[in-house]
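Undergrad: File entry04.cif follows (mmCIF, C-alpha atoms):
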```
data_final
#
loop_
_atom_site.label_atom_id
_atom_site.label_comp_id
_atom_site.auth_asym_id
_atom_site.auth_seq_id
_atom_site.Cartn_x
_atom_site.Cartn_y
_atom_site.Cartn_z
CA MET A 1 -13.47 58.29 17.87
CA ARG A 2 -14.19 54.57 18.03
CA GLN A 3 -16.82 53.64 20.59
CA TYR A 4 -16.29 50.77 23.00
CA SER A 5 -18.90 48.00 22.69
CA PRO A 6 -19.03 45.92 25.81
CA ASP A 7 -19.45 42.13 25.54
CA LEU A 8 -22.89 41.51 27.06
CA THR A 9 -22.79 37.71 26.58
CA PRO A 10 -23.47 36.05 29.94
CA PRO A 11 -20.46 34.10 31.23
CA TRP A 12 -22.40 30.81 31.19
CA LYS A 13 -23.07 31.24 27.45
CA LYS A 14 -19.50 31.98 26.45
CA PRO A 15 -17.69 29.01 24.87
CA LYS A 16 -15.19 27.50 27.23
CA PRO A 17 -11.58 27.59 26.10
CA VAL A 18 -10.34 24.31 24.66
CA PRO A 19 -6.82 22.92 24.66
CA GLU A 20 -4.51 23.40 21.72
CA VAL A 21 -3.07 20.11 20.50
CA PRO A 22 -0.15 19.79 18.06
CA ALA A 23 -1.25 17.93 14.92
CA GLU A 24 1.49 15.32 15.16
CA PRO A 25 1.52 12.47 12.59
CA GLY A 26 -0.55 9.55 13.84
CA LEU A 27 -2.86 11.60 16.09
CA VAL A 28 -6.42 10.33 15.60
CA VAL A 29 -9.14 12.98 15.64
CA GLU A 30 -12.66 13.52 14.31
CA GLU A 31 -13.94 16.46 12.30
CA PRO A 32 -17.42 16.88 13.86
CA VAL A 33 -19.23 18.53 10.93
CA SER A 34 -18.47 15.76 8.44
CA GLY A 35 -17.99 12.98 10.99
CA PHE A 36 -14.70 12.06 9.27
CA CYS A 37 -12.34 10.31 11.67
CA GLY A 38 -8.73 9.64 10.84
CA ALA A 39 -5.06 9.91 11.70
CA VAL A 40 -3.02 13.00 10.93
CA ILE A 41 -0.65 12.32 8.05
CA ARG A 42 0.31 15.89 7.15
CA CYS A 43 -0.01 19.36 8.63
CA GLU A 44 0.76 22.39 6.51
CA ALA A 45 0.13 26.08 6.90
CA GLY A 46 -3.58 26.39 7.68
CA THR A 47 -4.61 22.81 6.87
CA VAL A 48 -4.36 19.27 8.19
CA THR A 49 -4.73 16.03 6.19
CA LEU A 50 -6.40 13.04 7.81
CA GLU A 51 -6.43 9.42 6.66
CA ASP A 52 -9.24 7.09 7.73
CA ARG A 53 -8.96 3.32 8.24
CA PHE A 54 -9.93 2.71 4.61
CA GLY A 55 -7.03 4.81 3.35
CA LYS A 56 -9.21 7.76 2.29
CA HIS A 57 -7.68 11.23 2.68
CA ARG A 58 -9.47 14.48 3.58
CA VAL A 59 -8.02 17.95 4.04
CA PHE A 60 -9.52 20.28 6.68
CA PRO A 61 -8.72 23.84 7.75
CA LEU A 62 -7.10 24.39 11.12
CA GLN A 63 -9.94 26.21 12.88
CA PRO A 64 -10.50 26.92 16.59
CA ARG A 65 -12.47 24.10 18.23
CA GLY A 66 -12.42 22.37 14.86
CA PHE A 67 -11.83 18.75 15.97
CA LEU A 68 -12.72 16.18 18.58
CA LEU A 69 -10.01 14.25 20.40
CA GLU A 70 -11.41 11.32 22.37
CA GLY A 71 -14.79 13.05 22.25
CA GLN A 72 -13.53 16.40 23.52
CA ALA A 73 -13.28 19.58 21.44
CA VAL A 74 -9.73 20.70 20.69
CA THR A 75 -7.95 23.21 18.51
CA LEU A 76 -5.33 21.58 16.33
CA VAL A 77 -2.20 23.63 15.76
CA ARG A 78 0.75 23.10 13.52
CA PRO A 79 3.44 21.19 15.45
CA PRO A 80 6.80 22.86 15.98
CA SER A 81 9.21 22.12 13.18
CA SER A 82 11.92 19.63 13.94
CA SER A 83 15.21 19.06 12.17
CA ALA A 84 14.99 15.35 12.94
CA PRO A 85 13.00 13.31 10.41
CA VAL A 86 9.89 11.55 11.66
CA ARG A 87 10.69 7.88 12.15
CA PRO A 88 8.05 5.70 10.50
CA THR A 89 6.17 3.37 12.83
CA ARG A 90 5.01 1.09 10.00
CA THR A 91 6.66 -0.32 6.93
CA ALA A 92 5.06 0.08 3.52
CA SER A 93 3.48 -3.36 3.99
CA GLY A 94 1.79 -2.24 7.23
CA SER A 95 4.12 -4.22 9.50
CA VAL A 96 5.59 -2.65 12.63
CA ALA A 97 8.87 -0.97 11.67
CA VAL A 98 12.02 -2.18 13.42
CA PRO A 99 14.36 0.84 13.55
CA GLY A 100 18.00 -0.07 13.00
CA ALA A 101 17.26 -3.70 12.20
CA ARG A 102 19.91 -5.38 10.07
CA ALA A 103 19.13 -7.49 7.05
CA ARG A 104 19.24 -11.17 7.84
CA VAL A 105 21.57 -13.47 5.94
CA ALA A 106 19.62 -14.73 2.95
CA ARG A 107 17.67 -17.93 3.44
CA ALA A 108 18.05 -20.86 1.13
CA GLY A 109 14.35 -20.47 0.36
CA ARG A 110 13.20 -18.06 -2.34
CA ILE A 111 10.14 -16.33 -3.70
CA TYR A 112 9.81 -16.25 -7.48
CA VAL A 113 7.52 -13.80 -9.25
CA GLU A 114 6.58 -13.80 -12.89
CA GLY A 115 8.30 -10.66 -14.17
CA ARG A 116 10.47 -7.67 -13.38
CA HIS A 117 7.51 -5.38 -12.67
CA ASP A 118 6.16 -7.90 -10.15
CA ALA A 119 9.55 -7.99 -8.42
CA GLU A 120 9.79 -4.20 -8.27
CA LEU A 121 6.32 -3.88 -6.77
CA VAL A 122 6.98 -6.56 -4.14
CA GLU A 123 10.28 -4.89 -3.26
CA LYS A 124 8.67 -1.47 -2.88
CA VAL A 125 5.93 -2.63 -0.52
CA TRP A 126 7.48 -5.63 1.26
CA GLY A 127 11.20 -4.88 0.88
CA ASP A 128 11.80 -3.97 4.53
CA ASP A 129 10.05 -7.11 5.75
CA LEU A 130 11.87 -9.34 3.28
CA ARG A 131 15.30 -8.06 4.27
CA ILE A 132 14.62 -8.62 7.95
CA GLU A 133 13.42 -12.16 7.19
CA GLY A 134 16.29 -12.85 4.79
CA VAL A 135 13.97 -13.64 1.87
CA VAL A 136 15.24 -13.04 -1.66
CA VAL A 137 12.79 -12.36 -4.51
CA GLU A 138 13.72 -13.35 -8.05
CA TYR A 139 11.71 -13.15 -11.23
CA LEU A 140 10.92 -15.58 -14.00
CA GLU A 141 10.17 -14.78 -17.63
CA GLY A 142 6.76 -16.43 -17.69
CA VAL A 143 5.83 -19.78 -16.17
CA ASP A 144 6.38 -22.20 -19.07
CA ASP A 145 9.77 -23.25 -17.68
CA LEU A 146 8.59 -23.39 -14.07
CA PRO A 147 8.68 -27.22 -13.75
CA SER A 148 12.35 -27.38 -14.77
CA ILE A 149 13.21 -24.39 -12.55
CA VAL A 150 11.57 -26.00 -9.53
CA GLU A 151 13.29 -29.31 -10.25
CA GLU A 152 16.68 -27.59 -10.44
CA PHE A 153 15.98 -25.60 -7.26
CA GLY A 154 15.10 -28.75 -5.35
CA PRO A 155 12.81 -27.36 -2.63
CA GLY A 156 13.02 -29.04 0.76
CA PRO A 157 12.48 -28.46 4.51
CA ASP A 158 15.39 -25.99 4.66
CA ALA A 159 14.81 -24.40 1.27
CA ARG A 160 11.16 -23.65 0.65
CA LEU A 161 10.06 -22.13 -2.61
CA GLY A 162 7.14 -19.77 -3.15
CA VAL A 163 5.92 -18.67 -6.58
CA LEU A 164 3.53 -15.83 -7.49
CA VAL A 165 1.78 -16.19 -10.85
CA ASP A 166 -0.22 -13.58 -12.77
CA HIS A 167 -3.81 -14.28 -13.83
CA LEU A 168 -3.99 -17.73 -12.26
CA VAL A 169 -7.48 -19.05 -13.02
CA PRO A 170 -8.72 -22.66 -12.73
CA GLY A 171 -8.33 -24.72 -15.88
CA SER A 172 -5.77 -22.45 -17.54
CA LYS A 173 -2.32 -23.51 -18.74
CA GLU A 174 -0.78 -21.63 -15.83
CA TRP A 175 -3.08 -23.45 -13.43
CA ARG A 176 -2.00 -26.85 -14.71
CA ILE A 177 1.68 -25.92 -14.47
CA ALA A 178 1.17 -24.65 -10.91
CA GLU A 179 -0.59 -27.86 -9.91
CA SER A 180 2.26 -29.96 -11.32
CA VAL A 181 4.97 -28.32 -9.18
CA THR A 182 3.10 -27.71 -5.94
CA SER A 183 4.35 -29.85 -3.06
CA GLU A 184 4.94 -29.78 0.67
CA HIS A 185 7.91 -27.46 0.18
CA ALA A 186 6.83 -25.58 -2.96
CA LEU A 187 3.79 -23.31 -2.98
CA VAL A 188 2.41 -21.65 -6.11
CA VAL A 189 -0.26 -19.00 -5.65
CA GLY A 190 -1.75 -16.52 -8.07
CA HIS A 191 -3.82 -13.38 -8.32
CA PRO A 192 -6.72 -12.84 -10.74
CA PHE A 193 -5.29 -9.79 -12.51
CA ILE A 194 -4.24 -9.86 -16.16
CA ASP A 195 -0.99 -8.15 -15.20
CA ILE A 196 0.57 -6.88 -11.99
CA TRP A 197 -0.30 -3.34 -13.13
CA GLU A 198 -3.94 -4.14 -12.50
CA ALA A 199 -3.21 -4.99 -8.84
CA VAL A 200 -2.67 -1.26 -8.19
CA LYS A 201 -5.91 0.42 -7.17
CA PRO A 202 -7.26 2.75 -9.86
CA SER A 203 -7.98 5.39 -7.22
CA SER A 204 -4.25 5.55 -6.42
CA LEU A 205 -3.61 6.50 -10.04
CA GLY A 206 -6.45 8.99 -10.28
CA ILE A 207 -8.46 6.89 -12.75
CA GLU A 208 -11.95 5.43 -12.36
CA ALA A 209 -11.04 1.91 -13.46
CA TRP A 210 -8.51 -0.03 -15.47
CA PRO A 211 -9.47 0.05 -19.17
CA ARG A 212 -10.87 -3.03 -20.87
CA VAL A 213 -8.48 -3.98 -23.64
CA PRO A 214 -9.87 -5.96 -26.63
CA ARG A 215 -8.80 -9.59 -26.75
CA GLY A 216 -5.79 -10.18 -28.97
CA GLN A 217 -4.31 -6.72 -28.31
CA ASP A 218 -1.23 -6.27 -26.14
CA TRP A 219 -2.76 -5.42 -22.78
CA LYS A 220 -0.17 -2.92 -21.56
CA THR A 221 -0.06 -1.06 -24.84
CA GLY A 222 -3.85 -1.03 -24.93
CA VAL A 223 -3.97 0.42 -21.41
CA CYS A 224 -1.58 3.22 -22.36
CA ARG A 225 -3.63 3.99 -25.46
CA ALA A 226 -6.95 4.01 -23.58
CA LEU A 227 -5.61 6.29 -20.85
CA GLY A 228 -3.99 8.67 -23.30
CA TRP A 229 -0.50 7.87 -22.09
CA PRO A 230 2.50 7.60 -24.44
CA GLU A 231 2.74 4.01 -25.67
CA ASN A 232 5.93 3.39 -23.71
CA THR A 233 5.15 0.59 -21.28
CA GLY A 234 8.40 1.03 -19.36
CA ALA A 235 7.67 4.69 -18.67
CA ALA A 236 4.05 3.85 -17.89
CA TRP A 237 5.14 1.31 -15.28
CA GLN A 238 7.42 3.82 -13.59
CA ARG A 239 4.48 6.21 -13.47
CA ILE A 240 2.32 3.52 -11.86
CA LEU A 241 5.00 2.36 -9.42
CA GLY A 242 5.63 5.95 -8.36
CA ARG A 243 2.05 6.22 -7.11
CA VAL A 244 2.38 3.18 -4.86
CA ARG A 245 3.40 4.26 -1.39
CA SER A 246 2.14 1.41 0.75
CA TYR A 247 -0.05 -1.68 0.86
CA LYS A 248 -3.08 0.62 0.87
CA ASP A 249 -2.49 1.32 -2.81
CA LEU A 250 -2.81 -2.38 -3.73
CA GLU A 251 -5.81 -4.66 -4.17
CA PRO A 252 -6.48 -7.19 -1.37
CA GLU A 253 -6.25 -10.10 -3.82
CA LEU A 254 -2.53 -9.38 -4.25
CA LEU A 255 -1.83 -8.51 -0.63
CA GLY A 256 -3.11 -11.83 0.65
CA ARG A 257 -1.12 -13.88 -1.84
CA VAL A 258 2.21 -12.18 -1.14
CA GLU A 259 1.72 -12.43 2.62
CA GLU A 260 0.88 -16.13 2.18
CA LEU A 261 4.15 -16.72 0.32
CA ILE A 262 6.24 -14.84 2.89
CA ASP A 263 4.66 -16.87 5.71
CA PHE A 264 5.28 -20.12 3.81
CA VAL A 265 8.93 -19.42 3.08
CA THR A 266 9.69 -18.14 6.59
CA ASP A 267 7.89 -20.95 8.40
CA SER A 268 10.02 -23.13 10.69
CA GLY A 269 10.50 -25.51 7.79
CA GLY A 270 12.27 -22.79 5.86
CA ALA A 271 14.54 -21.49 8.63
#
```
Please, can you express the file's structure as structure tokens?

TA:
Amino acid sequence: MRQYSPDLTPPWKKPKPVPEVPAEPGLVVEEPVSGFCGAVIRCEAGTVTLEDRFGKHRVFPLQPRGFLLEGQAVTLVRPPSSSAPVRPTRTASGSVAVPGARARVARAGRIYVEGRHDAELVEKVWGDDLRIEGVVVEYLEGVDDLPSIVEEFGPGPDARLGVLVDHLVPGSKEWRIAESVTSEHALVVGHPFIDIWEAVKPSSLGIEAWPRVPRGQDWKTGVCRALGWPENTGAAWQRILGRVRSYKDLEPELLGRVEELIDFVTDSGGA
């Protein structure tokens, strides 16, 4: 026969009950043992995933009194399932989402990028913003023909032109071409990366760093070879693009340049 063991803990030493809080996406809590503070991005059976302001993810078990909410201990619980999808509050670029917003009629102004991969990356991260603003992105095949393209486009107050160039460094051929076409209504900016691939953070791909490819070797092929990927650059790009979910997966040097171009083209002069 099992014996009854009374609880002899004095009432003032017993832990006080704490509220149970559904781990809804966006709820900001702190895990007190590690000090990690972040917003809930996922809650699965027995665990919750938090994301801090630097984009770092940590997974924690759902334990009683396991988190602090506004400094107070709480027990996170899995939120009730809902048939309705969670409406995003931010676009992939970090802008405030505008539910139900219709795409604006395309502006006369344009943003040109250097290649198809550049265009696909800009579309994935800034596509929602660009459609609302009515900005169309097109791609060039290199920048050698940029002066004639700009001349044919004829940028003006109602048709501003923004151009994003890869690996734009002072003194280079690309730099001189950019300087020759820049005007009040045409803005050429560049990022320091050899190729747009390199603008994706290595951590987002699960690698320590982008490989250094010997001079004279095709950079993309060299990257595939160094990482042990099949030497199919098209497939490699789709692999890279698939790991980009938001602006947090991109380097700041690219983010700032794209935002600069969007602001330039959508300024009052480009309306």

Undergrad: Step by step, work through what the PyMOL selection byres ((chain A and resi 263) around 12) selects in the shown file, and finish by giving those residues as a list in words.

TA: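 Output from the PyMOL selection byres ((chain A and resi 263) around 12), applied to this file: Gly109, Arg110, Ile111, Asp129, Leu130, Glu133, Val135, Arg160, Leu161, Gly162, Leu187, Gly256, Arg257, Val258, Glu259, Glu260, Leu261, Ile262, Phe264, Val265, Thr266, Asp267, Ser268, Gly269, Gly270 and Ala271 of chain A.
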
Undergrad: List the spatial neighbours of segment 202-219 of chain A as a PyMOL selection string - criterion: any atom at most 9 Å away, only C-alpha atoms, same-chain residues fewer than 5 positions off excluded.

TA: chain A and resi 194-195+224+226-227+239-240+243-244+248-250

Undergrad: Please evaluate the PyMOL selection byres ((chain A and resi 29-43) around 10) against the displayed coordinates and give the resulting residues as a JSON list (two decimals) with C-alpha atoms, in the frame of the given file.

TA:
```
[["chain", "number", "residue", "atom", "x", "y", "z"],
["A", 22, "PRO", "CA", -0.15, 19.79, 18.06],
["A", 23, "ALA", "CA", -1.25, 17.93, 14.92],
["A", 24, "GLU", "CA", 1.49, 15.32, 15.16],
["A", 25, "PRO", "CA", 1.52, 12.47, 12.59],
["A", 26, "GLY", "CA", -0.55, 9.55, 13.84],
["A", 27, "LEU", "CA", -2.86, 11.60, 16.09],
["A", 28, "VAL", "CA", -6.42, 10.33, 15.60],
["A", 44, "GLU", "CA", 0.76, 22.39, 6.51],
["A", 45, "ALA", "CA", 0.13, 26.08, 6.90],
["A", 46, "GLY", "CA", -3.58, 26.39, 7.68],
["A", 47, "THR", "CA", -4.61, 22.81, 6.87],
["A", 48, "VAL", "CA", -4.36, 19.27, 8.19],
["A", 49, "THR", "CA", -4.73, 16.03, 6.19],
["A", 50, "LEU", "CA", -6.40, 13.04, 7.81],
["A", 51, "GLU", "CA", -6.43, 9.42, 6.66],
["A", 52, "ASP", "CA", -9.24, 7.09, 7.73],
["A", 53, "ARG", "CA", -8.96, 3.32, 8.24],
["A", 54, "PHE", "CA", -9.93, 2.71, 4.61],
["A", 55, "GLY", "CA", -7.03, 4.81, 3.35],
["A", 56, "LYS", "CA", -9.21, 7.76, 2.29],
["A", 57, "HIS", "CA", -7.68, 11.23, 2.68],
["A", 58, "ARG", "CA", -9.47, 14.48, 3.58],
["A", 59, "VAL", "CA", -8.02, 17.95, 4.04],
["A", 60, "PHE", "CA", -9.52, 20.28, 6.68],
["A", 61, "PRO", "CA", -8.72, 23.84, 7.75],
["A", 62, "LEU", "CA", -7.10, 24.39, 11.12],
["A", 65, "ARG", "CA", -12.47, 24.10, 18.23],
["A", 66, "GLY", "CA", -12.42, 22.37, 14.86],
["A", 67, "PHE", "CA", -11.83, 18.75, 15.97],
["A", 68, "LEU", "CA", -12.72, 16.18, 18.58],
["A", 69, "LEU", "CA", -10.01, 14.25, 20.40],
["A", 70, "GLU", "CA", -11.41, 11.32, 22.37],
["A", 71, "GLY", "CA", -14.79, 13.05, 22.25],
["A", 72, "GLN", "CA", -13.53, 16.40, 23.52],
["A", 73, "ALA", "CA", -13.28, 19.58, 21.44],
["A", 74, "VAL", "CA", -9.73, 20.70, 20.69],
["A", 76, "LEU", "CA", -5.33, 21.58, 16.33],
["A", 77, "VAL", "CA", -2.20, 23.63, 15.76],
["A", 78, "ARG", "CA", 0.75, 23.10, 13.52],
["A", 79, "PRO", "CA", 3.44, 21.19, 15.45]]
```

Undergrad: When you count only C-alpha atoms, which of these residues is closest to Asp166 of chain A: A:Ala119, A:Val189, A:Leu241, A:Leu255?

TA: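 Among A:Ala119, A:Val189, A:Leu241, A:Leu255, it is A:Val189 that comes nearest to Asp166 of chain A.
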
Undergrad: A:Gly190, A:Pro170, A:Pro147, A:Pro230: which is nearest Glu253 of chain A, counting all atoms listed in the file?

TA: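 Among the listed residues, the smallest separation from Glu253 of chain A belongs to A:Gly190.
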
Undergrad: Excluding segment 171-177 of chain A and its own-chain neighbours fewer than 2 positions away, which residues fall within 9 Å of it when counting only C-alpha atoms? Please give them as an NGL selection string.

TA: :A and (143-144 or 146-147 or 165-169 or 179-182 or 190)

Undergrad: Using all atoms listed in the file, can you tell me which of A:Asp145, A:Asp158, A:Glu120, A:Glu198 comes closest to Gln238 of chain A?

TA: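 Nearest to Gln238 of chain A: A:Glu120.
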
Undergrad: For the atom pair atom CA of Thr233 of chain A and atom CA of Leu121 of chain A, what is the interatomic distance in Å to one decimal place?

TA: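 We find that atom CA of Thr233 of chain A and atom CA of Leu121 of chain A lie 15.2 Å from each other.
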
Undergrad: What is the distance between atom CA of His191 of chain A and atom CA of Arg116 of chain A, in Å to one decimal?

TA: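 Separation between atom CA of His191 of chain A and atom CA of Arg116 of chain A: 16.2 Å.
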
Undergrad: What does the structure give for the distance between atom CA of Tyr247 of chain A and atom CA of Val125 of chain A, in Å to one decimal?

TA: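 Atom-to-atom, atom CA of Tyr247 of chain A to atom CA of Val125 of chain A, that is 6.2 Å.
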